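In what follows, a single structure is set out as structure tokens and then discussed.
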Amino acid sequence: MTGLPDAAIATQLTPPASAAAKRRRTGADGPLRRFMKLVLPPIALFIVLLLLVELVVVAAGIPPFVLASPSAIWTQLVQYAPQVLAATLATGLNALIGLVIGAVLGVLLAIVASSVRAIDGMLAPVVAAVAVVPIVALAPVLYTMFGSTSEVARIMIASLAAFVPVFLNTLRGLRQVRPVHRDLMRAYAASASQQTRFVTIPSALPHFFTGLRIASSLAVISALVAEYFGGPRLGLGSAITTAAASSAYARAWAFVIGAIVLGLVFFALTSLIERIASRHR
């Protein structure tokens with residue numbers, strides 16, 4: 001039996017368009033309406049919460065070391081905006097490099113583990129051990145190995161944090177291929193590359209992006225926490241500890257806001273990449 005063209009195989013494996021997809025194509029909801037539905041409600045809730053916190057802090061006379069008022073935090077954020085931006089970029093660069101390294105390593109090892117059952121059995125306990133290693137214990141060891149003036153330790157910690165969810169979710173996705181789809185490809189005498197392109201990769205992509213979204217947040221958190229235990233004092237973690245040690249609690253919260261924004265940016269970027277990749281599937 002001769003193999004069918006790629007277009008024919010794709011047509012056989014592509015499910016019919018759903019009603020939701022048809023509505024999107026017809027443009028039932030415009031961009032402005034989608035923006036108002038998705039963005040405005042959380043922004044309004046956030047503003048209301050800020051006003052409530054400001055009212056409670058001022059009315060109850062809560063001291064700054066317990067809870068700084070939003071107005072004081074905003075003042076410090078504006079005053080130290082260049083420092084917050086520089087610290088955010090320093091931590092973000094380490095987190096980004098760690099995320100890329102961890103994601104690439106996770107995907108490669110997941111492909112190997114899904115292909116060779118023996119390697120999967122050997123990797124399972126290693127991944128489980130990596131997943132439970134505390135940053136508090138790992139950071140000082142890595143700083144001793146690579147030096148307290150190097151960013152290598154922070155990048156390695158972010159890589160390990162990103163590796164685990166990407167590996168586990170990608171491996172699960174590679175194993176989610178339905179037997180009927182594989183049988184259909186064999187019936188069409190599809191080559192190994194065609195099976196990978198039209199069956200394996202589409203099945204694994206949603207799981208991969210789920211792991212990548214989780215890994216993006218973990219990479220930021222790990223890179224920031226690693227800064228508490230040494231290394232160059234350039235990132236958000238170092239700035240937060242320095243401000244808190246100086247009793248500048250509002251300033252410390254200003255750097256915390258930088259960390260929150262950084263985490264949201266990473267999550268938004270990974271979601272955008274997923275949406276772009278999904279359009280071309």
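Following the order of the structure tokens, first chain is A, next is B, and so on, with residues numbered from 1 inside each chain and ligands from 1 in the order they appear.
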Nearby residues (only C-alpha atoms) at most 7 Å from Leu171 (chain A), same-chain spacing under 3 positions excluded, as a PDB file with all heavy atoms, in the first residue's frame:
ATOM      1  N   ALA A 110      12.093  13.614  28.083  1.00  0.00           N
ATOM      2  CA  ALA A 110      10.764  13.011  27.966  1.00  0.00           C
ATOM      3  C   ALA A 110      10.652  12.193  26.679  1.00  0.00           C
ATOM      4  O   ALA A 110      10.041  11.110  26.679  1.00  0.00           O
ATOM      5  CB  ALA A 110       9.697  14.106  27.989  1.00  0.00           C
ATOM      6  N   ILE A 111      11.227  12.685  25.592  1.00  0.00           N
ATOM      7  CA  ILE A 111      11.209  11.932  24.335  1.00  0.00           C
ATOM      8  C   ILE A 111      11.980  10.626  24.491  1.00  0.00           C
ATOM      9  O   ILE A 111      11.532   9.558  24.051  1.00  0.00           O
ATOM     10  CB  ILE A 111      11.803  12.786  23.199  1.00  0.00           C
ATOM     11  CG1 ILE A 111      10.887  13.979  22.914  1.00  0.00           C
ATOM     12  CG2 ILE A 111      11.990  11.951  21.942  1.00  0.00           C
ATOM     13  CD1 ILE A 111      11.461  14.957  21.911  1.00  0.00           C
ATOM     14  N   SER A 114       9.986   8.216  26.778  1.00  0.00           N
ATOM     15  CA  SER A 114       8.809   7.644  26.138  1.00  0.00           C
ATOM     16  C   SER A 114       9.183   6.591  25.092  1.00  0.00           C
ATOM     17  O   SER A 114       8.358   5.734  24.755  1.00  0.00           O
ATOM     18  CB  SER A 114       7.982   8.745  25.471  1.00  0.00           C
ATOM     19  OG  SER A 114       8.704   9.348  24.400  1.00  0.00           O
ATOM     20  N   PHE A 167       9.114  18.082  32.063  1.00  0.00           N
ATOM     21  CA  PHE A 167       9.386  16.663  31.807  1.00  0.00           C
ATOM     22  C   PHE A 167       8.157  15.810  32.065  1.00  0.00           C
ATOM     23  O   PHE A 167       7.761  14.991  31.219  1.00  0.00           O
ATOM     24  CB  PHE A 167      10.554  16.192  32.681  1.00  0.00           C
ATOM     25  CG  PHE A 167      10.790  14.707  32.631  1.00  0.00           C
ATOM     26  CD1 PHE A 167      11.498  14.136  31.591  1.00  0.00           C
ATOM     27  CD2 PHE A 167      10.293  13.878  33.629  1.00  0.00           C
ATOM     28  CE1 PHE A 167      11.699  12.768  31.538  1.00  0.00           C
ATOM     29  CE2 PHE A 167      10.487  12.512  33.592  1.00  0.00           C
ATOM     30  CZ  PHE A 167      11.209  11.951  32.542  1.00  0.00           C
ATOM     31  N   LEU A 168       7.535  15.977  33.221  1.00  0.00           N
ATOM     32  CA  LEU A 168       6.408  15.129  33.591  1.00  0.00           C
ATOM     33  C   LEU A 168       5.218  15.330  32.662  1.00  0.00           C
ATOM     34  O   LEU A 168       4.590  14.359  32.218  1.00  0.00           O
ATOM     35  CB  LEU A 168       6.004  15.406  35.035  1.00  0.00           C
ATOM     36  CG  LEU A 168       7.025  15.007  36.109  1.00  0.00           C
ATOM     37  CD1 LEU A 168       6.528  15.408  37.488  1.00  0.00           C
ATOM     38  CD2 LEU A 168       7.319  13.513  36.057  1.00  0.00           C
ATOM     39  N   LEU A 174       3.174  12.548  25.532  1.00  0.00           N
ATOM     40  CA  LEU A 174       3.686  11.600  24.536  1.00  0.00           C
ATOM     41  C   LEU A 174       3.050  10.227  24.668  1.00  0.00           C
ATOM     42  O   LEU A 174       3.045   9.448  23.716  1.00  0.00           O
ATOM     43  CB  LEU A 174       5.212  11.480  24.679  1.00  0.00           C
ATOM     44  CG  LEU A 174       6.019  12.733  24.299  1.00  0.00           C
ATOM     45  CD1 LEU A 174       7.474  12.561  24.662  1.00  0.00           C
ATOM     46  CD2 LEU A 174       5.868  13.046  22.816  1.00  0.00           C
ATOM     47  N   ARG A 175       2.499   9.950  25.844  1.00  0.00           N
ATOM     48  CA  ARG A 175       1.861   8.644  26.066  1.00  0.00           C
ATOM     49  C   ARG A 175       0.360   8.700  25.876  1.00  0.00           C
ATOM     50  O   ARG A 175      -0.317   7.690  26.080  1.00  0.00           O
ATOM     51  CB  ARG A 175       2.167   8.152  27.488  1.00  0.00           C
ATOM     52  CG  ARG A 175       3.632   7.805  27.702  1.00  0.00           C
ATOM     53  CD  ARG A 175       3.885   7.472  29.155  1.00  0.00           C
ATOM     54  NE  ARG A 175       5.250   7.015  29.372  1.00  0.00           N
ATOM     55  CZ  ARG A 175       5.789   6.825  30.575  1.00  0.00           C
ATOM     56  NH1 ARG A 175       5.072   7.081  31.667  1.00  0.00           N
ATOM     57  NH2 ARG A 175       7.023   6.400  30.695  1.00  0.00           N
TER      58      ARG A 175
END
May I have the residues within 8 Å of Thr170 (chain A) as a PyMOL selection string, using only C-alpha atoms and disregarding those fewer than 6 positions away in the same chain? chain A and resi 106-107+110+204-205+207-208+211
Put those residues in a file: N, CA and C atoms, as a short mmCIF file (atom, residue, chain, number, x, y, z; two decimals), in the first residue's frame.
data_model
loop_
_atom_site.label_atom_id
_atom_site.label_comp_id
_atom_site.auth_asym_id
_atom_site.auth_seq_id
_atom_site.Cartn_x
_atom_site.Cartn_y
_atom_site.Cartn_z
N GLY A 106 13.92 19.04 29.70
CA GLY A 106 12.74 18.25 30.03
C GLY A 106 12.12 17.60 28.80
N VAL A 107 12.04 18.33 27.69
CA VAL A 107 11.46 17.78 26.46
C VAL A 107 12.34 16.65 25.91
N ALA A 110 12.09 13.61 28.08
CA ALA A 110 10.76 13.01 27.97
C ALA A 110 10.65 12.19 26.68
N ALA A 204 0.92 15.73 22.29
CA ALA A 204 1.79 16.11 23.40
C ALA A 204 1.83 17.61 23.64
N LEU A 205 1.51 18.42 22.62
CA LEU A 205 1.64 19.87 22.76
C LEU A 205 0.82 20.46 23.91
N HIS A 207 -0.10 19.19 26.70
CA HIS A 207 0.54 18.82 27.96
C HIS A 207 1.86 19.56 28.16
N PHE A 208 2.60 19.72 27.07
CA PHE A 208 3.86 20.45 27.15
C PHE A 208 3.63 21.89 27.60
N GLY A 211 2.84 22.18 31.27
CA GLY A 211 4.07 22.13 32.05
C GLY A 211 4.88 23.40 31.93
#
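If you count only C-alpha atoms and ignore residues fewer than 5 places along the chain from Gly102 (chain A), what sits within 8 Å of it is Ala158, Ser159, Leu160, Ala161, Ala162, Phe163, Val164 and Val166 of chain A.
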Just N, CA and C atoms for this one: save the residues we selected as a short mmCIF file (atom, residue, chain, number, x, y, z; two decimals), in the first residue's frame.
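What ended up in selection-v1.cif:
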data_model
loop_
_atom_site.label_atom_id
_atom_site.label_comp_id
_atom_site.auth_asym_id
_atom_site.auth_seq_id
_atom_site.Cartn_x
_atom_site.Cartn_y
_atom_site.Cartn_z
N ALA A 158 16.91 27.64 38.93
CA ALA A 158 15.73 27.90 38.09
C ALA A 158 15.55 26.80 37.05
N SER A 159 16.64 26.28 36.51
CA SER A 159 16.55 25.19 35.52
C SER A 159 15.96 23.93 36.13
N LEU A 160 16.41 23.59 37.33
CA LEU A 160 15.89 22.39 37.99
C LEU A 160 14.40 22.55 38.31
N ALA A 161 14.03 23.75 38.74
CA ALA A 161 12.61 23.97 39.05
C ALA A 161 11.74 23.88 37.80
N ALA A 162 12.24 24.36 36.66
CA ALA A 162 11.47 24.32 35.42
C ALA A 162 11.48 22.93 34.78
N PHE A 163 12.53 22.18 35.01
CA PHE A 163 12.69 20.87 34.36
C PHE A 163 11.59 19.90 34.75
N VAL A 164 11.27 19.84 36.03
CA VAL A 164 10.35 18.79 36.53
C VAL A 164 8.97 18.88 35.90
N VAL A 166 7.94 20.38 33.16
CA VAL A 166 7.99 20.19 31.71
C VAL A 166 8.21 18.73 31.37
#
So which residues touch Ile73 (chain A) within 9 Å, counting only C-alpha atoms, skipping near sequence neighbours fewer than 5 positions away, as a VMD selection string? chain A and resid 68 78 249 to 254
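For region 128-158 of chain A, a DSSP pass over the backbone yields helix (DSSP H, G or I) at Ala128, Ala129, Val130, Ala131, Ile135, Val136, Ala137, Leu138, Ala139, Pro140, Val141, Leu142, Tyr143, Thr144, Met145, Phe146, Val152, Ala153, Arg154, Ile155, Met156, Ile157 and Ala158 of chain A.
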For Ala113 (chain A), work out the shell of residues within 8 Å, counting only C-alpha atoms and skipping chain neighbours fewer than 6 positions away, then give it as a PyMOL selection string. chain A and resi 119-120+123+171
For all heavy atoms, I'd like the residues from the last selection saved as a PDB file, in the first residue's frame.
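The resulting out.pdb:
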ATOM      1  N   ILE A 119      14.993   3.382  30.254  1.00  0.00           N
ATOM      2  CA  ILE A 119      15.454   4.711  30.657  1.00  0.00           C
ATOM      3  C   ILE A 119      14.377   5.423  31.472  1.00  0.00           C
ATOM      4  O   ILE A 119      14.680   6.138  32.435  1.00  0.00           O
ATOM      5  CB  ILE A 119      15.837   5.532  29.412  1.00  0.00           C
ATOM      6  CG1 ILE A 119      17.028   4.884  28.705  1.00  0.00           C
ATOM      7  CG2 ILE A 119      16.158   6.974  29.789  1.00  0.00           C
ATOM      8  CD1 ILE A 119      17.480   5.615  27.467  1.00  0.00           C
ATOM      9  N   ASP A 120      13.133   5.191  31.123  1.00  0.00           N
ATOM     10  CA  ASP A 120      12.040   5.774  31.891  1.00  0.00           C
ATOM     11  C   ASP A 120      12.084   5.293  33.340  1.00  0.00           C
ATOM     12  O   ASP A 120      11.898   6.065  34.279  1.00  0.00           O
ATOM     13  CB  ASP A 120      10.712   5.400  31.247  1.00  0.00           C
ATOM     14  CG  ASP A 120       9.525   6.044  31.947  1.00  0.00           C
ATOM     15  OD1 ASP A 120       9.731   7.039  32.677  1.00  0.00           O
ATOM     16  OD2 ASP A 120       8.398   5.554  31.770  1.00  0.00           O
ATOM     17  N   LEU A 123      14.930   7.124  35.096  1.00  0.00           N
ATOM     18  CA  LEU A 123      14.732   8.558  35.298  1.00  0.00           C
ATOM     19  C   LEU A 123      13.689   8.867  36.356  1.00  0.00           C
ATOM     20  O   LEU A 123      13.757   9.925  36.997  1.00  0.00           O
ATOM     21  CB  LEU A 123      14.318   9.222  33.978  1.00  0.00           C
ATOM     22  CG  LEU A 123      15.408   9.454  32.938  1.00  0.00           C
ATOM     23  CD1 LEU A 123      14.806  10.035  31.677  1.00  0.00           C
ATOM     24  CD2 LEU A 123      16.481  10.377  33.486  1.00  0.00           C
ATOM     25  N   LEU A 171       6.080  14.044  29.030  1.00  0.00           N
ATOM     26  CA  LEU A 171       6.068  12.585  29.005  1.00  0.00           C
ATOM     27  C   LEU A 171       4.642  12.049  29.017  1.00  0.00           C
ATOM     28  O   LEU A 171       4.314  11.097  28.297  1.00  0.00           O
ATOM     29  CB  LEU A 171       6.849  12.050  30.206  1.00  0.00           C
ATOM     30  CG  LEU A 171       6.976  10.525  30.324  1.00  0.00           C
ATOM     31  CD1 LEU A 171       7.662   9.945  29.101  1.00  0.00           C
ATOM     32  CD2 LEU A 171       7.724  10.147  31.598  1.00  0.00           C
TER      33      LEU A 171
END
Could you state the separation of CA of Leu272 (chain A) and CA of Gly237 (chain A) in Å, given to one decimal place? 27.1 Å
Fewer than 5 positions away in the same chain doesn't count, so skip those; otherwise give me all residues within 7 Å of region 141-155 of chain A, counting only C-alpha atoms, as a VMD selection string. chain A and resid 94 to 95 97 to 98 223 226 230 to 232
Store the residues of this selection in a file with N, CA and C atoms, as a PDB file, in the first residue's frame.
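Resulting contents of result_38.pdb:
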ATOM      1  N   ASN A  94      17.871  35.651  34.791  1.00  0.00           N
ATOM      2  CA  ASN A  94      18.229  34.344  35.347  1.00  0.00           C
ATOM      3  C   ASN A  94      17.075  33.353  35.210  1.00  0.00           C
ATOM      4  N   ALA A  95      15.858  33.826  35.487  1.00  0.00           N
ATOM      5  CA  ALA A  95      14.696  32.948  35.380  1.00  0.00           C
ATOM      6  C   ALA A  95      14.459  32.516  33.932  1.00  0.00           C
ATOM      7  N   ILE A  97      16.706  32.290  31.407  1.00  0.00           N
ATOM      8  CA  ILE A  97      17.729  31.322  30.994  1.00  0.00           C
ATOM      9  C   ILE A  97      17.454  29.963  31.630  1.00  0.00           C
ATOM     10  N   GLY A  98      17.120  29.971  32.918  1.00  0.00           N
ATOM     11  CA  GLY A  98      16.810  28.718  33.584  1.00  0.00           C
ATOM     12  C   GLY A  98      15.593  28.035  32.999  1.00  0.00           C
ATOM     13  N   ALA A 223      14.455  31.493  41.102  1.00  0.00           N
ATOM     14  CA  ALA A 223      15.543  32.457  40.901  1.00  0.00           C
ATOM     15  C   ALA A 223      15.514  33.545  41.967  1.00  0.00           C
ATOM     16  N   ALA A 226      16.546  32.014  45.467  1.00  0.00           N
ATOM     17  CA  ALA A 226      17.985  31.711  45.494  1.00  0.00           C
ATOM     18  C   ALA A 226      18.819  32.942  45.815  1.00  0.00           C
ATOM     19  N   GLY A 230      22.799  34.390  48.922  1.00  0.00           N
ATOM     20  CA  GLY A 230      24.128  34.785  48.476  1.00  0.00           C
ATOM     21  C   GLY A 230      24.137  35.198  47.026  1.00  0.00           C
ATOM     22  N   GLY A 231      25.338  35.351  46.485  1.00  0.00           N
ATOM     23  CA  GLY A 231      25.500  35.737  45.100  1.00  0.00           C
ATOM     24  C   GLY A 231      25.487  37.238  44.918  1.00  0.00           C
ATOM     25  N   PRO A 232      25.607  37.689  43.664  1.00  0.00           N
ATOM     26  CA  PRO A 232      25.570  39.130  43.381  1.00  0.00           C
ATOM     27  C   PRO A 232      24.269  39.761  43.867  1.00  0.00           C
TER      28      PRO A 232
END
Could you check the closest approach to Ile135 (chain A) for each of A:Val66, A:Leu218, A:Val56, A:Leu236 and tell me which residue wins, using only C-alpha atoms? A:Leu218
Name all residues at most 12 Å from Val256 (chain A) (count only C-alpha atoms; drop same-chain ones fewer than 2 positions away) and give them as an NGL selection string. :A and (73-74 or 76-77 or 84-85 or 87-88 or 221 or 224-225 or 235-241 or 243-244 or 249-254 or 258-263)
Please produce an output containing N, CA and C atoms for each residue in the selection, written as an mmCIF file, in the first residue's frame.
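Contents of part_5.cif, as written:
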data_model
loop_
_atom_site.group_PDB
_atom_site.id
_atom_site.type_symbol
_atom_site.label_atom_id
_atom_site.label_comp_id
_atom_site.auth_asym_id
_atom_site.auth_seq_id
_atom_site.Cartn_x
_atom_site.Cartn_y
_atom_site.Cartn_z
ATOM 1 N N ILE A 73 3.453 52.209 49.638
ATOM 2 C CA ILE A 73 4.132 51.312 48.689
ATOM 3 C C ILE A 73 4.235 51.980 47.320
ATOM 4 N N TRP A 74 3.158 52.639 46.900
ATOM 5 C CA TRP A 74 3.173 53.314 45.601
ATOM 6 C C TRP A 74 4.218 54.433 45.578
ATOM 7 N N GLN A 76 6.993 54.590 47.309
ATOM 8 C CA GLN A 76 8.321 53.970 47.202
ATOM 9 C C GLN A 76 8.555 53.374 45.820
ATOM 10 N N LEU A 77 7.498 52.849 45.241
ATOM 11 C CA LEU A 77 7.634 52.266 43.907
ATOM 12 C C LEU A 77 7.992 53.319 42.875
ATOM 13 N N VAL A 84 13.927 49.202 41.025
ATOM 14 C CA VAL A 84 12.999 48.073 40.895
ATOM 15 C C VAL A 84 13.104 47.465 39.502
ATOM 16 N N LEU A 85 13.181 48.304 38.483
ATOM 17 C CA LEU A 85 13.295 47.808 37.111
ATOM 18 C C LEU A 85 14.596 47.039 36.909
ATOM 19 N N ALA A 87 16.445 45.508 39.191
ATOM 20 C CA ALA A 87 16.393 44.243 39.930
ATOM 21 C C ALA A 87 15.471 43.244 39.238
ATOM 22 N N THR A 88 14.353 43.731 38.696
ATOM 23 C CA THR A 88 13.421 42.851 37.993
ATOM 24 C C THR A 88 14.072 42.250 36.752
ATOM 25 N N ILE A 221 10.081 32.118 40.811
ATOM 26 C CA ILE A 221 10.134 31.960 42.262
ATOM 27 C C ILE A 221 11.490 31.413 42.697
ATOM 28 N N LEU A 224 14.316 33.967 42.366
ATOM 29 C CA LEU A 224 14.189 35.011 43.385
ATOM 30 C C LEU A 224 14.600 34.487 44.765
ATOM 31 N N VAL A 225 14.117 33.306 45.137
ATOM 32 C CA VAL A 225 14.447 32.754 46.454
ATOM 33 C C VAL A 225 15.936 32.453 46.559
ATOM 34 N N GLY A 235 19.465 41.261 42.154
ATOM 35 C CA GLY A 235 18.106 40.868 41.860
ATOM 36 C C GLY A 235 17.095 41.306 42.903
ATOM 37 N N LEU A 236 15.861 40.852 42.694
ATOM 38 C CA LEU A 236 14.757 41.243 43.568
ATOM 39 C C LEU A 236 14.894 40.653 44.963
ATOM 40 N N GLY A 237 15.338 39.406 45.055
ATOM 41 C CA GLY A 237 15.478 38.784 46.361
ATOM 42 C C GLY A 237 16.444 39.534 47.258
ATOM 43 N N SER A 238 17.584 39.933 46.708
ATOM 44 C CA SER A 238 18.565 40.696 47.476
ATOM 45 C C SER A 238 18.004 42.060 47.866
ATOM 46 N N ALA A 239 17.284 42.706 46.948
ATOM 47 C CA ALA A 239 16.711 44.026 47.244
ATOM 48 C C ALA A 239 15.649 43.939 48.335
ATOM 49 N N ILE A 240 14.858 42.877 48.326
ATOM 50 C CA ILE A 240 13.812 42.723 49.342
ATOM 51 C C ILE A 240 14.436 42.524 50.719
ATOM 52 N N THR A 241 15.439 41.657 50.810
ATOM 53 C CA THR A 241 16.079 41.419 52.106
ATOM 54 C C THR A 241 16.789 42.663 52.620
ATOM 55 N N ALA A 243 16.049 45.863 51.949
ATOM 56 C CA ALA A 243 15.053 46.853 52.381
ATOM 57 C C ALA A 243 14.411 46.439 53.698
ATOM 58 N N ALA A 244 14.086 45.166 53.843
ATOM 59 C CA ALA A 244 13.464 44.710 55.084
ATOM 60 C C ALA A 244 14.423 44.824 56.260
ATOM 61 N N TYR A 249 9.972 48.902 55.011
ATOM 62 C CA TYR A 249 9.025 47.854 54.632
ATOM 63 C C TYR A 249 8.222 48.219 53.384
ATOM 64 N N ALA A 250 7.872 49.481 53.242
ATOM 65 C CA ALA A 250 7.158 49.892 52.031
ATOM 66 C C ALA A 250 8.030 49.697 50.795
ATOM 67 N N ARG A 251 9.324 49.971 50.931
ATOM 68 C CA ARG A 251 10.239 49.761 49.809
ATOM 69 C C ARG A 251 10.369 48.274 49.489
ATOM 70 N N ALA A 252 10.397 47.440 50.534
ATOM 71 C CA ALA A 252 10.462 45.996 50.298
ATOM 72 C C ALA A 252 9.231 45.519 49.523
ATOM 73 N N TRP A 253 8.050 46.054 49.890
ATOM 74 C CA TRP A 253 6.842 45.700 49.163
ATOM 75 C C TRP A 253 6.881 46.199 47.720
ATOM 76 N N ALA A 254 7.554 47.315 47.481
ATOM 77 C CA ALA A 254 7.691 47.808 46.103
ATOM 78 C C ALA A 254 8.466 46.810 45.249
ATOM 79 N N GLY A 258 7.449 44.238 41.961
ATOM 80 C CA GLY A 258 8.260 43.911 40.791
ATOM 81 C C GLY A 258 8.299 42.413 40.533
ATOM 82 N N ALA A 259 8.397 41.615 41.602
ATOM 83 C CA ALA A 259 8.395 40.164 41.451
ATOM 84 C C ALA A 259 7.051 39.655 40.930
ATOM 85 N N ILE A 260 5.968 40.250 41.424
ATOM 86 C CA ILE A 260 4.639 39.849 40.958
ATOM 87 C C ILE A 260 4.470 40.148 39.473
ATOM 88 N N VAL A 261 4.876 41.339 39.076
ATOM 89 C CA VAL A 261 4.774 41.717 37.658
ATOM 90 C C VAL A 261 5.623 40.789 36.798
ATOM 91 N N LEU A 262 6.813 40.450 37.281
ATOM 92 C CA LEU A 262 7.690 39.547 36.528
ATOM 93 C C LEU A 262 7.036 38.181 36.346
ATOM 94 N N GLY A 263 6.438 37.645 37.397
ATOM 95 C CA GLY A 263 5.756 36.365 37.273
ATOM 96 C C GLY A 263 4.596 36.417 36.301
#
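Nearest to Met156 (chain A) of all the residues A:Leu269, A:Ala59, A:Leu212, A:Leu96 is A:Leu96, based on only C-alpha atoms.
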